[in-house]
file start.cif (mmCIF, C-alpha atoms)
data_target
loop_
_atom_site.label_atom_id
_atom_site.label_comp_id
_atom_site.auth_asym_id
_atom_site.auth_seq_id
_atom_site.Cartn_x
_atom_site.Cartn_y
_atom_site.Cartn_z
CA MET X 73 5.86 -31.23 6.71
CA PHE X 74 5.46 -28.46 4.13
CA GLU X 75 1.82 -29.18 3.19
CA TRP X 76 0.81 -25.77 4.56
CA LEU X 77 2.88 -24.13 1.83
CA PHE X 78 0.64 -25.67 -0.83
CA SER X 79 -2.78 -25.49 0.86
CA ALA X 80 -5.23 -23.22 -0.98
CA THR X 81 -6.09 -20.95 1.95
CA TRP X 82 -4.78 -20.08 5.37
CA SER X 83 -6.89 -18.91 8.27
CA PRO X 84 -7.61 -15.15 7.93
CA VAL X 85 -6.39 -14.60 11.50
CA VAL X 86 -3.04 -16.31 10.72
CA VAL X 87 -2.67 -14.26 7.53
CA GLY X 88 -3.45 -11.07 9.44
CA ALA X 89 -0.84 -11.92 12.08
CA GLY X 90 1.67 -12.46 9.26
CA ILE X 91 0.85 -9.01 7.85
CA GLY X 92 1.32 -7.57 11.35
CA VAL X 93 4.81 -9.10 11.61
CA LEU X 94 5.57 -7.88 8.07
CA ILE X 95 4.76 -4.33 9.21
CA TRP X 96 7.21 -4.70 12.15
CA MET X 97 9.86 -5.40 9.51
CA THR X 98 8.93 -2.42 7.28
CA PHE X 99 9.17 -0.10 10.31
CA LEU X 100 12.41 -1.65 11.52
CA LEU X 101 14.33 -2.05 8.26
CA SER X 102 12.78 0.65 6.05
CA ASP X 103 11.46 3.21 8.57
CA ARG X 104 8.12 3.14 6.73
CA PRO X 105 4.56 1.95 7.16
CA LEU X 106 3.28 -0.60 4.61
CA GLY X 107 1.17 1.12 1.95
CA VAL X 108 0.60 0.56 -1.74
CA SER X 109 -1.52 3.40 -3.12
CA THR X 110 1.48 5.76 -3.46
CA ALA X 111 2.84 3.36 -6.11
CA TYR X 112 -0.14 4.16 -8.33
CA ALA X 113 0.43 7.92 -8.00
CA LYS X 114 4.11 7.41 -8.85
CA THR X 115 3.09 5.37 -11.91
CA ALA X 116 0.73 8.16 -13.00
CA GLY X 117 3.66 10.58 -12.61
CA MET X 118 5.89 8.31 -14.72
CA VAL X 119 3.28 8.34 -17.49
CA GLU X 120 3.04 12.15 -17.29
CA LYS X 121 6.85 12.33 -17.34
CA ALA X 122 7.02 10.17 -20.47
CA ILE X 123 4.61 12.57 -22.18
CA SER X 124 6.15 15.81 -20.94
CA ARG X 125 9.08 16.12 -18.55
CA GLU X 126 8.54 19.88 -18.11
CA ASN X 127 4.87 19.43 -17.30
CA VAL X 128 5.66 17.07 -14.40
CA LYS X 129 8.16 19.51 -12.91
CA SER X 130 5.45 22.17 -12.79
CA MET X 131 2.91 19.92 -11.04
CA PRO X 132 3.08 20.38 -7.24
CA TYR X 133 1.74 16.91 -6.44
CA TYR X 134 4.69 15.18 -8.14
CA ARG X 135 7.09 17.20 -6.02
CA GLN X 136 5.61 15.40 -2.98
CA VAL X 137 5.12 12.04 -4.67
CA THR X 138 8.19 11.82 -6.90
CA PRO X 139 7.70 9.69 -10.02
CA GLU X 140 10.69 7.36 -9.58
CA VAL X 141 11.44 3.72 -8.93
CA ASP X 142 11.95 3.40 -5.17
CA TRP X 143 10.70 1.35 -2.18
CA GLN X 144 7.16 2.69 -2.51
CA TRP X 145 7.05 1.71 -6.19
CA THR X 146 8.73 -1.71 -6.19
CA ILE X 147 6.33 -2.86 -3.48
CA ILE X 148 3.45 -3.07 -5.98
CA ILE X 149 5.56 -5.19 -8.36
CA GLY X 150 6.28 -7.42 -5.37
CA VAL X 151 2.58 -7.76 -4.52
CA ILE X 152 1.80 -8.93 -8.07
CA ALA X 153 4.70 -11.42 -7.90
CA GLY X 154 3.74 -12.59 -4.38
CA GLY X 155 0.14 -13.16 -5.48
CA PHE X 156 1.41 -15.22 -8.40
CA ILE X 157 3.81 -17.30 -6.28
CA SER X 158 1.08 -18.05 -3.73
CA ALA X 159 -1.51 -18.95 -6.39
CA TYR X 160 1.00 -21.07 -8.33
CA LEU X 161 2.17 -23.04 -5.27
CA SER X 162 -1.38 -23.77 -4.14
CA GLY X 163 -2.52 -24.64 -7.67
CA THR X 164 -5.19 -21.92 -7.73
CA PHE X 165 -3.65 -19.80 -10.51
CA ALA X 166 -6.21 -19.38 -13.29
CA LEU X 167 -6.84 -16.62 -15.81
CA SER X 168 -10.27 -15.08 -15.25
CA ALA X 169 -12.09 -11.96 -16.38
CA VAL X 170 -15.52 -11.95 -14.72
CA PRO X 171 -15.72 -12.95 -11.04
CA PRO X 172 -18.56 -15.41 -10.15
CA LEU X 173 -20.58 -12.96 -8.00
CA PHE X 174 -20.42 -10.28 -10.70
CA ALA X 175 -21.47 -12.82 -13.36
CA ALA X 176 -24.40 -14.03 -11.24
CA THR X 177 -25.69 -10.47 -10.79
CA PHE X 178 -24.78 -8.62 -14.01
CA GLY X 179 -24.01 -11.40 -16.51
CA THR X 180 -20.83 -12.82 -18.03
CA ASP X 181 -20.04 -9.99 -20.47
CA THR X 182 -16.28 -9.36 -20.19
CA LEU X 183 -16.52 -5.86 -21.66
CA LEU X 184 -19.12 -4.85 -19.06
CA ARG X 185 -16.96 -6.17 -16.20
CA PHE X 186 -13.86 -4.41 -17.58
CA SER X 187 -15.77 -1.10 -17.97
CA VAL X 188 -17.08 -1.31 -14.41
CA ALA X 189 -13.61 -2.24 -13.09
CA LEU X 190 -12.06 0.72 -14.94
CA ALA X 191 -14.68 3.13 -13.57
CA GLY X 192 -14.29 1.70 -10.05
CA GLY X 193 -10.53 1.96 -10.31
CA ILE X 194 -10.68 5.61 -11.36
CA ILE X 195 -13.00 6.46 -8.43
CA MET X 196 -10.74 4.51 -6.06
CA GLY X 197 -7.57 6.16 -7.36
CA ILE X 198 -9.02 9.62 -6.78
CA GLY X 199 -10.32 8.62 -3.32
CA ALA X 200 -7.07 6.97 -2.19
CA ARG X 201 -4.98 10.05 -2.98
CA TRP X 202 -7.69 12.39 -1.65
CA ALA X 203 -7.72 10.56 1.70
CA GLY X 204 -3.93 10.11 1.71
CA GLY X 205 -3.93 6.31 1.85
CA CYS X 206 -5.78 3.09 1.14
CA THR X 207 -6.85 -0.10 2.91
CA SER X 208 -3.21 -0.96 3.68
CA GLY X 209 -1.70 2.49 4.37
CA HIS X 210 -4.62 3.83 6.44
CA GLY X 211 -6.62 0.65 7.08
CA ILE X 212 -3.81 -1.40 8.63
CA SER X 213 -0.54 0.58 8.96
CA GLY X 214 -2.20 3.78 10.14
CA THR X 215 -4.78 2.28 12.48
CA LEU X 216 -2.14 0.14 14.25
CA GLN X 217 -0.20 3.34 15.00
CA LEU X 218 -3.46 4.63 16.54
CA SER X 219 -3.57 7.43 13.95
CA LEU X 220 -6.80 9.39 14.34
CA ALA X 221 -7.04 10.14 10.60
CA SER X 222 -6.57 6.46 9.74
CA TRP X 223 -9.39 5.28 12.04
CA VAL X 224 -11.70 7.94 10.54
CA ALA X 225 -10.55 6.91 7.03
CA VAL X 226 -11.22 3.20 7.53
CA VAL X 227 -14.72 3.92 8.89
CA CYS X 228 -15.38 6.06 5.79
CA PHE X 229 -13.95 3.37 3.44
CA PHE X 230 -16.41 0.82 4.81
CA ALA X 231 -19.33 3.28 5.11
CA GLY X 232 -18.95 4.28 1.45
CA GLY X 233 -18.28 0.69 0.40
CA ILE X 234 -21.21 -0.88 2.26
CA LEU X 235 -23.59 1.79 0.93
CA ALA X 236 -22.37 1.48 -2.68
CA ALA X 237 -22.29 -2.36 -2.59
CA GLY X 238 -25.83 -2.36 -1.15
CA LEU X 239 -27.04 -0.09 -3.96
CA LEU X 240 -25.37 -2.33 -6.59
CA PHE X 241 -26.24 -5.76 -5.19
CA GLY X 242 -29.18 -5.07 -2.86
CA PHE X 243 -29.00 -4.75 0.90
CA GLY X 244 -29.15 -8.48 1.68
CA PHE X 245 -28.53 -7.96 5.38
CA LEU X 246 -31.63 -5.78 5.93
CA MET G 82 18.62 4.63 15.78
CA PRO G 83 19.80 1.12 14.82
CA PHE G 84 19.43 -0.11 11.23
CA GLU G 85 20.08 3.45 9.98
CA GLY G 86 22.71 2.08 7.56
CA ILE G 87 20.14 -0.25 6.00
CA ARG G 88 17.49 2.48 5.95
CA GLN G 89 19.78 4.92 4.11
CA ASN G 90 20.98 2.36 1.55
CA ARG G 91 18.86 3.34 -1.46
CA SER G 92 19.45 0.32 -3.68
CA LEU G 93 18.94 -2.07 -0.77
CA GLN G 94 15.64 -0.30 0.02
CA VAL G 95 14.42 -0.75 -3.57
CA LEU G 96 15.12 -4.48 -3.16
CA LEU G 97 13.47 -4.55 0.29
CA GLY G 98 10.34 -2.92 -1.16
CA LEU G 99 10.17 -5.79 -3.63
CA VAL G 100 10.70 -8.42 -0.91
CA PHE G 101 8.09 -6.87 1.42
CA GLY G 102 5.71 -6.63 -1.55
CA ILE G 103 6.16 -10.31 -2.38
CA ALA G 104 5.44 -11.29 1.24
CA PHE G 105 2.38 -9.01 1.33
CA GLY G 106 1.02 -10.31 -2.00
CA PHE G 107 1.58 -13.91 -0.90
CA LEU G 108 -0.29 -13.36 2.37
CA LEU G 109 -3.20 -11.47 0.72
CA GLN G 110 -3.62 -14.20 -1.90
CA ARG G 111 -3.37 -17.04 0.63
CA GLY G 112 -5.83 -15.30 2.92
CA GLY G 113 -8.43 -15.27 0.15
CA VAL G 114 -8.77 -11.48 0.17
CA THR G 115 -7.60 -11.12 -3.45
CA LEU G 116 -10.96 -12.59 -4.52
CA TYR G 117 -13.64 -10.18 -5.77
CA ASP G 118 -16.38 -12.35 -4.22
CA VAL G 119 -14.74 -12.22 -0.77
CA ILE G 120 -14.31 -8.41 -0.85
CA ILE G 121 -17.85 -7.73 -2.10
CA GLY G 122 -19.06 -10.35 0.43
CA GLN G 123 -17.48 -8.23 3.16
CA LEU G 124 -19.17 -5.04 1.93
CA LEU G 125 -22.49 -6.94 1.79
CA LEU G 126 -21.76 -8.14 5.35
CA SER G 127 -22.03 -11.81 4.40
CA ASP G 128 -18.31 -12.76 4.51
CA PHE G 129 -16.05 -11.39 7.27
CA THR G 130 -12.68 -12.57 5.92
CA VAL G 131 -11.45 -9.03 5.13
CA VAL G 132 -12.32 -7.73 8.61
CA LYS G 133 -10.66 -10.75 10.28
CA VAL G 134 -7.42 -10.24 8.31
CA MET G 135 -7.39 -6.52 9.06
CA LEU G 136 -8.17 -6.81 12.78
CA SER G 137 -5.58 -9.55 13.31
CA ALA G 138 -2.96 -7.49 11.42
CA ILE G 139 -3.79 -4.38 13.47
CA LEU G 140 -3.59 -6.36 16.75
CA VAL G 141 -0.21 -7.97 16.04
CA GLY G 142 1.24 -4.92 14.28
CA MET G 143 0.10 -2.48 17.00
CA ILE G 144 1.70 -4.44 19.84
CA GLY G 145 5.01 -4.88 18.00
CA VAL G 146 5.30 -1.36 16.62
CA HIS G 147 4.48 0.28 19.97
CA ALA G 148 6.89 -2.05 21.83
CA MET G 149 9.66 -1.17 19.36
CA LYS G 150 8.75 2.52 19.66
CA THR G 151 9.11 2.30 23.44
CA ALA G 152 12.53 0.65 22.94
CA ASP G 153 13.51 3.51 20.56
CA LEU G 154 13.92 1.14 17.62
CA VAL G 155 11.33 2.74 15.34
CA ARG G 156 9.49 6.02 14.90
CA LEU G 157 5.81 6.44 14.10
CA HIS G 158 4.61 7.81 10.76
CA VAL G 159 1.29 9.53 11.26
CA ARG G 160 -0.18 12.64 9.70
CA ALA G 161 -3.06 14.77 10.90
CA GLY G 162 -6.14 14.36 8.71
CA SER G 163 -9.10 16.62 8.10
CA VAL G 164 -12.79 16.35 7.27
CA GLY G 165 -12.08 17.70 3.76
CA SER G 166 -9.36 15.16 3.07
CA THR G 167 -9.95 12.06 5.22
CA VAL G 168 -13.77 11.93 5.32
CA ILE G 169 -14.54 13.01 1.75
CA GLY G 170 -11.60 11.04 0.27
CA GLY G 171 -12.50 8.01 2.39
CA LEU G 172 -16.11 7.99 1.18
CA ILE G 173 -14.99 8.34 -2.48
CA PHE G 174 -12.55 5.47 -1.90
CA GLY G 175 -15.35 3.35 -0.41
CA VAL G 176 -17.52 3.81 -3.51
CA GLY G 177 -14.57 2.78 -5.70
CA PHE G 178 -13.98 -0.20 -3.39
CA ALA G 179 -17.53 -1.50 -4.05
CA VAL G 180 -17.51 -0.77 -7.80
CA LEU G 181 -14.07 -2.28 -8.46
CA GLY G 182 -14.31 -5.07 -5.89
CA TYR G 183 -10.61 -4.89 -5.04
CA CYS G 184 -8.45 -2.35 -3.21
CA PRO G 185 -5.06 -1.07 -4.47
CA GLY G 186 -3.10 -3.89 -2.77
CA THR G 187 -5.53 -6.76 -3.31
CA ALA G 188 -5.96 -5.78 -6.99
CA ALA G 189 -2.23 -6.36 -7.50
CA GLY G 190 -2.41 -9.73 -5.69
CA ALA G 191 -5.51 -10.65 -7.73
CA LEU G 192 -3.67 -9.85 -10.98
CA GLY G 193 -0.86 -12.15 -9.80
CA SER G 194 -3.36 -14.95 -9.34
CA GLY G 195 -4.75 -14.42 -12.85
CA ALA G 196 -7.68 -11.99 -12.47
CA LEU G 197 -7.56 -9.84 -15.61
CA ASP G 198 -10.34 -7.52 -14.42
CA ALA G 199 -7.99 -6.56 -11.55
CA ALA G 200 -5.41 -5.41 -14.13
CA VAL G 201 -8.05 -3.14 -15.72
CA GLY G 202 -8.90 -1.87 -12.24
CA MET G 203 -5.22 -1.12 -11.57
CA ALA G 204 -5.05 0.92 -14.78
CA GLY G 205 -8.11 2.78 -13.50
CA ILE G 206 -6.43 3.51 -10.17
CA VAL G 207 -3.42 4.98 -12.01
CA ILE G 208 -5.76 7.17 -14.08
CA GLY G 209 -7.61 8.23 -10.91
CA ALA G 210 -4.35 9.08 -9.14
CA GLY G 211 -3.33 11.11 -12.22
CA ILE G 212 -6.65 12.99 -12.19
CA PHE G 213 -6.14 13.75 -8.49
CA ALA G 214 -2.61 15.04 -9.13
CA ARG G 215 -4.02 17.47 -11.73
CA LEU G 216 -6.81 18.59 -9.40
CA TYR G 217 -4.47 18.80 -6.39
CA PRO G 218 -3.58 22.53 -6.52
CA ALA G 219 -7.27 23.51 -6.66
CA LEU G 220 -8.37 20.92 -4.07
CA GLU G 221 -5.61 21.87 -1.66
CA GLY G 222 -6.89 25.43 -1.49
CA ALA G 223 -10.60 24.63 -1.47
CA VAL G 224 -11.22 21.33 0.34
CA LEU G 225 -8.30 19.29 1.67
CA ASN G 226 -7.50 21.48 4.68
CA ARG G 227 -11.10 22.07 5.77
CA GLY G 228 -11.91 20.88 9.29
CA LYS G 229 -8.44 19.81 10.42
CA PHE G 230 -8.49 17.10 13.09
CA PRO G 231 -7.33 18.33 16.52
CA ALA G 232 -4.71 15.58 16.98
CA GLU G 233 -2.53 13.18 14.99
CA THR G 234 -3.18 10.15 17.17
CA ILE G 235 -6.00 8.88 19.40
CA PRO G 236 -3.76 8.96 22.54
CA GLN G 237 -2.95 12.64 21.78
CA LEU G 238 -6.66 13.38 21.34
CA PHE G 239 -7.35 12.12 24.87
CA GLY G 240 -4.07 13.42 26.29
CA VAL G 241 -2.94 9.99 27.47
CA SER G 242 0.05 7.74 26.70
CA PRO G 243 -0.35 5.15 23.90
CA ALA G 244 -0.24 2.08 26.20
CA PRO G 245 -3.78 2.25 27.66
CA VAL G 246 -5.28 3.08 24.26
CA ALA G 247 -3.40 0.20 22.63
CA GLY G 248 -4.61 -2.06 25.44
CA ALA G 249 -8.23 -1.01 24.94
CA VAL G 250 -8.01 -1.44 21.14
CA ALA G 251 -6.38 -4.87 21.58
CA ALA G 252 -9.16 -5.97 23.96
CA MET G 253 -11.81 -4.68 21.54
CA ILE G 254 -10.23 -6.58 18.62
CA VAL G 255 -10.07 -9.84 20.61
CA VAL G 256 -13.75 -9.46 21.56
CA VAL G 257 -14.83 -8.78 17.96
CA LEU G 258 -12.78 -11.73 16.61
CA ALA G 259 -14.20 -14.03 19.32
CA LEU G 260 -17.72 -12.79 18.57
CA LEU G 261 -17.29 -13.45 14.82
CA ALA G 262 -16.04 -16.98 15.60
CA PHE G 263 -18.92 -17.56 18.06
CA MET G 264 -21.46 -16.41 15.47
CA GLY G 265 -19.88 -18.71 12.88
CA LEU G 266 -19.10 -15.79 10.53
#

call {"tool": "encode", "arguments": {"input": "start.cif", "output": "structure tokens"}}
result
Amino acid sequence: MFEWLFSATWSPVVVGAGIGVLIWMTFLLSDRPLGVSTAYAKTAGMVEKAISRENVKSMPYYRQVTPEVDWQWTIIIGVIAGGFISAYLSGTFALSAVPPLFAATFGTDTLLRFSVALAGGIIMGIGARWAGGCTSGHGISGTLQLSLASWVAVVCFFAGGILAAGLLFGFGFL
Amino acid sequence: MPFEGIRQNRSLQVLLGLVFGIAFGFLLQRGGVTLYDVIIGQLLLSDFTVVKVMLSAILVGMIGVHAMKTADLVRLHVRAGSVGSTVIGGLIFGVGFAVLGYCPGTAAGALGSGALDAAVGMAGIVIGAGIFARLYPALEGAVLNRGKFPAETIPQLFGVSPAPVAGAVAAMIVVVLALLAFMGL
């Protein structure tokens, strides 16, 4: 009866519908769209705060995105935990450092993969805050509200992503 | 509005954030979109899992949120974008998307399922967000407000009510999902 709870993957359409229902709940119970990139900005603010409390007070961005533990911060802890619970229940949890596709293209060097991931993360962190949201905040929560900015953002996410992935891996679809 | 008591309860909201996060992480992991190969596969247009998850979430979420809005149960949270912020930031994000191979949410779900490179990527996103915060005063004056969009929402842009736009978007999503299934993608 509960086999579905332990199966390795669910249909993408079912998972998407689940995310849609989850967003009904965030609007209804928390009066918020579902987004995770703010949590990273809050974490950056917490690091700045640990170094210099005065410095953070003088930075205008952290007056908008306050570096504190709240809904928008705990969500990212939840996502890590949820990913673990899902992987553990389906028996797919495994420590890994270099994903198969990366290894097949650029080799199995862990340090190379970590350097690329760090660089990619830095670019993404700048871009997410620059655009005011990420794949969840703009890409799903914003587009479903028919936000003009979010539809423009998601087109740009994929335009930049398809171009950069093509340059890195070759444009296989051409 | 109903649920205002729950919405104003700060400690309950911190807990709810955690609960919603767990559900989101579970769904992302189970959908396969916490895998680097699946995300890069989408950007190389060889695996359409990411698009299917997103379109299905938009379809279901859009219908529910707009129905609840009509019933005065929820309010929308949209902000006007601009060319300087949305387009430039979106393109930078896209490059990071391809280089990292995860997005901010899926990186967290990937870390939960054991991908250590996702943890390094998450540290990078924090550093990037910190760099943006430092650049923010200069960027706000020079770039972010350039080319403001004329409307907050697509219905406002066309001067119509949300229902017909939501209907058209829903129909478009169903067609694209059916087409992907038909093509075996």

call {"tool": "residues_around", "arguments": {"input": "start.cif", "residues": "Thr182 in chain X", "least_positions_apart": "2", "cutoff": "12 Å", "atoms": "all atoms listed in the file", "output": "list in words"}}
result
Ser168, Ala169, Val170, Pro171, Pro172, Phe174, Ala175, Phe178, Gly179, Thr180, Leu184, Arg185, Phe186, Ser187, Val188 and Ala189 of chain X; Ala196, Leu197, Asp198 and Val201 of chain G

call {"tool": "write_last_selection", "arguments": {"input": "start.cif", "atoms": "C-alpha atoms", "output": "mmCIF file, in the coordinates of the input"}}
result
data_model
loop_
_atom_site.group_PDB
_atom_site.id
_atom_site.type_symbol
_atom_site.label_atom_id
_atom_site.label_comp_id
_atom_site.auth_asym_id
_atom_site.auth_seq_id
_atom_site.Cartn_x
_atom_site.Cartn_y
_atom_site.Cartn_z
ATOM 1 C CA SER X 168 -10.270 -15.080 -15.250
ATOM 2 C CA ALA X 169 -12.090 -11.960 -16.380
ATOM 3 C CA VAL X 170 -15.520 -11.950 -14.720
ATOM 4 C CA PRO X 171 -15.720 -12.950 -11.040
ATOM 5 C CA PRO X 172 -18.560 -15.410 -10.150
ATOM 6 C CA PHE X 174 -20.420 -10.280 -10.700
ATOM 7 C CA ALA X 175 -21.470 -12.820 -13.360
ATOM 8 C CA PHE X 178 -24.780 -8.620 -14.010
ATOM 9 C CA GLY X 179 -24.010 -11.400 -16.510
ATOM 10 C CA THR X 180 -20.830 -12.820 -18.030
ATOM 11 C CA LEU X 184 -19.120 -4.850 -19.060
ATOM 12 C CA ARG X 185 -16.960 -6.170 -16.200
ATOM 13 C CA PHE X 186 -13.860 -4.410 -17.580
ATOM 14 C CA SER X 187 -15.770 -1.100 -17.970
ATOM 15 C CA VAL X 188 -17.080 -1.310 -14.410
ATOM 16 C CA ALA X 189 -13.610 -2.240 -13.090
ATOM 17 C CA ALA G 196 -7.680 -11.990 -12.470
ATOM 18 C CA LEU G 197 -7.560 -9.840 -15.610
ATOM 19 C CA ASP G 198 -10.340 -7.520 -14.420
ATOM 20 C CA VAL G 201 -8.050 -3.140 -15.720
#

call {"tool": "resolve_selection", "arguments": {"input": "start.cif", "expression": "the PyMOL selection byres ((chain G and resi 98) around 8)", "output": "NGL selection string"}}
result
(:X and (142-147 or 150)) or (:G and (94-97 or 99-102))

call {"tool": "atom_distance", "arguments": {"input": "start.cif", "atom1": "CA of Phe84 in chain G", "atom2": "CA of Ile157 in chain X"}}
result
29.1 Å

call {"tool": "atom_distance", "arguments": {"input": "start.cif", "atom1": "CA of Leu125 in chain G", "atom2": "CA of Ile195 in chain X"}}
result
19.3 Å

call {"tool": "closest_residue", "arguments": {"input": "start.cif", "among": "G:Val257, G:Leu266, G:Val176, G:Met203", "to": "Thr115 in chain X", "atoms": "all atoms listed in the file"}}
result
G:Met203

call {"tool": "decode", "arguments": {"input": "start.cif", "residues": "range 152-174 of chain X", "atoms": "N, CA and C atoms", "output": "mmCIF file, in the first residue's frame"}}
result
data_model
loop_
_atom_site.group_PDB
_atom_site.id
_atom_site.type_symbol
_atom_site.label_atom_id
_atom_site.label_comp_id
_atom_site.auth_asym_id
_atom_site.auth_seq_id
_atom_site.Cartn_x
_atom_site.Cartn_y
_atom_site.Cartn_z
ATOM 1 N N ILE X 152 17.077 20.797 2.732
ATOM 2 C CA ILE X 152 18.171 19.827 2.920
ATOM 3 C C ILE X 152 17.620 18.577 3.615
ATOM 4 N N ALA X 153 16.850 18.783 4.687
ATOM 5 C CA ALA X 153 16.289 17.659 5.449
ATOM 6 C C ALA X 153 15.321 16.842 4.589
ATOM 7 N N GLY X 154 14.462 17.538 3.816
ATOM 8 C CA GLY X 154 13.499 16.854 2.958
ATOM 9 C C GLY X 154 14.192 16.020 1.897
ATOM 10 N N GLY X 155 15.272 16.559 1.330
ATOM 11 C CA GLY X 155 16.050 15.818 0.336
ATOM 12 C C GLY X 155 16.635 14.556 0.946
ATOM 13 N N PHE X 156 17.112 14.702 2.198
ATOM 14 C CA PHE X 156 17.684 13.535 2.886
ATOM 15 C C PHE X 156 16.613 12.480 3.169
ATOM 16 N N ILE X 157 15.472 12.917 3.693
ATOM 17 C CA ILE X 157 14.395 11.965 4.036
ATOM 18 C C ILE X 157 13.960 11.191 2.796
ATOM 19 N N SER X 158 13.765 11.929 1.681
ATOM 20 C CA SER X 158 13.343 11.288 0.444
ATOM 21 C C SER X 158 14.378 10.281 -0.043
ATOM 22 N N ALA X 159 15.660 10.705 -0.051
ATOM 23 C CA ALA X 159 16.728 9.825 -0.539
ATOM 24 C C ALA X 159 16.877 8.611 0.367
ATOM 25 N N TYR X 160 16.762 8.827 1.683
ATOM 26 C CA TYR X 160 16.922 7.728 2.640
ATOM 27 C C TYR X 160 15.807 6.699 2.473
ATOM 28 N N LEU X 161 14.556 7.176 2.372
ATOM 29 C CA LEU X 161 13.406 6.269 2.257
ATOM 30 C C LEU X 161 13.450 5.449 0.967
ATOM 31 N N SER X 162 13.954 6.077 -0.109
ATOM 32 C CA SER X 162 13.975 5.353 -1.380
ATOM 33 C C SER X 162 15.281 4.590 -1.569
ATOM 34 N N GLY X 163 16.183 4.683 -0.599
ATOM 35 C CA GLY X 163 17.446 3.951 -0.683
ATOM 36 C C GLY X 163 18.411 4.517 -1.700
ATOM 37 N N THR X 164 18.249 5.792 -2.079
ATOM 38 C CA THR X 164 19.158 6.380 -3.074
ATOM 39 C C THR X 164 20.198 7.292 -2.432
ATOM 40 N N PHE X 165 20.190 7.408 -1.074
ATOM 41 C CA PHE X 165 21.183 8.280 -0.447
ATOM 42 C C PHE X 165 22.581 7.711 -0.669
ATOM 43 N N ALA X 166 23.483 8.542 -1.187
ATOM 44 C CA ALA X 166 24.867 8.117 -1.383
ATOM 45 C C ALA X 166 25.744 9.360 -1.437
ATOM 46 N N LEU X 167 26.851 9.341 -0.718
ATOM 47 C CA LEU X 167 27.779 10.471 -0.805
ATOM 48 C C LEU X 167 28.437 10.463 -2.173
ATOM 49 N N SER X 168 28.499 11.645 -2.805
ATOM 50 C CA SER X 168 29.127 11.746 -4.116
ATOM 51 C C SER X 168 29.773 13.118 -4.224
ATOM 52 N N ALA X 169 30.758 13.227 -5.096
ATOM 53 C CA ALA X 169 31.441 14.510 -5.257
ATOM 54 C C ALA X 169 31.421 14.977 -6.705
ATOM 55 N N VAL X 170 31.553 14.044 -7.639
ATOM 56 C CA VAL X 170 31.600 14.411 -9.059
ATOM 57 C C VAL X 170 30.439 13.707 -9.774
ATOM 58 N N PRO X 171 29.474 14.472 -10.278
ATOM 59 C CA PRO X 171 28.335 13.850 -10.972
ATOM 60 C C PRO X 171 28.785 13.146 -12.251
ATOM 61 N N PRO X 172 28.086 12.066 -12.665
ATOM 62 C CA PRO X 172 28.504 11.266 -13.828
ATOM 63 C C PRO X 172 28.740 12.078 -15.108
ATOM 64 N N LEU X 173 27.823 12.991 -15.443
ATOM 65 C CA LEU X 173 27.957 13.757 -16.687
ATOM 66 C C LEU X 173 29.180 14.668 -16.650
ATOM 67 N N PHE X 174 29.453 15.260 -15.480
ATOM 68 C CA PHE X 174 30.646 16.093 -15.326
ATOM 69 C C PHE X 174 31.894 15.238 -15.506
#
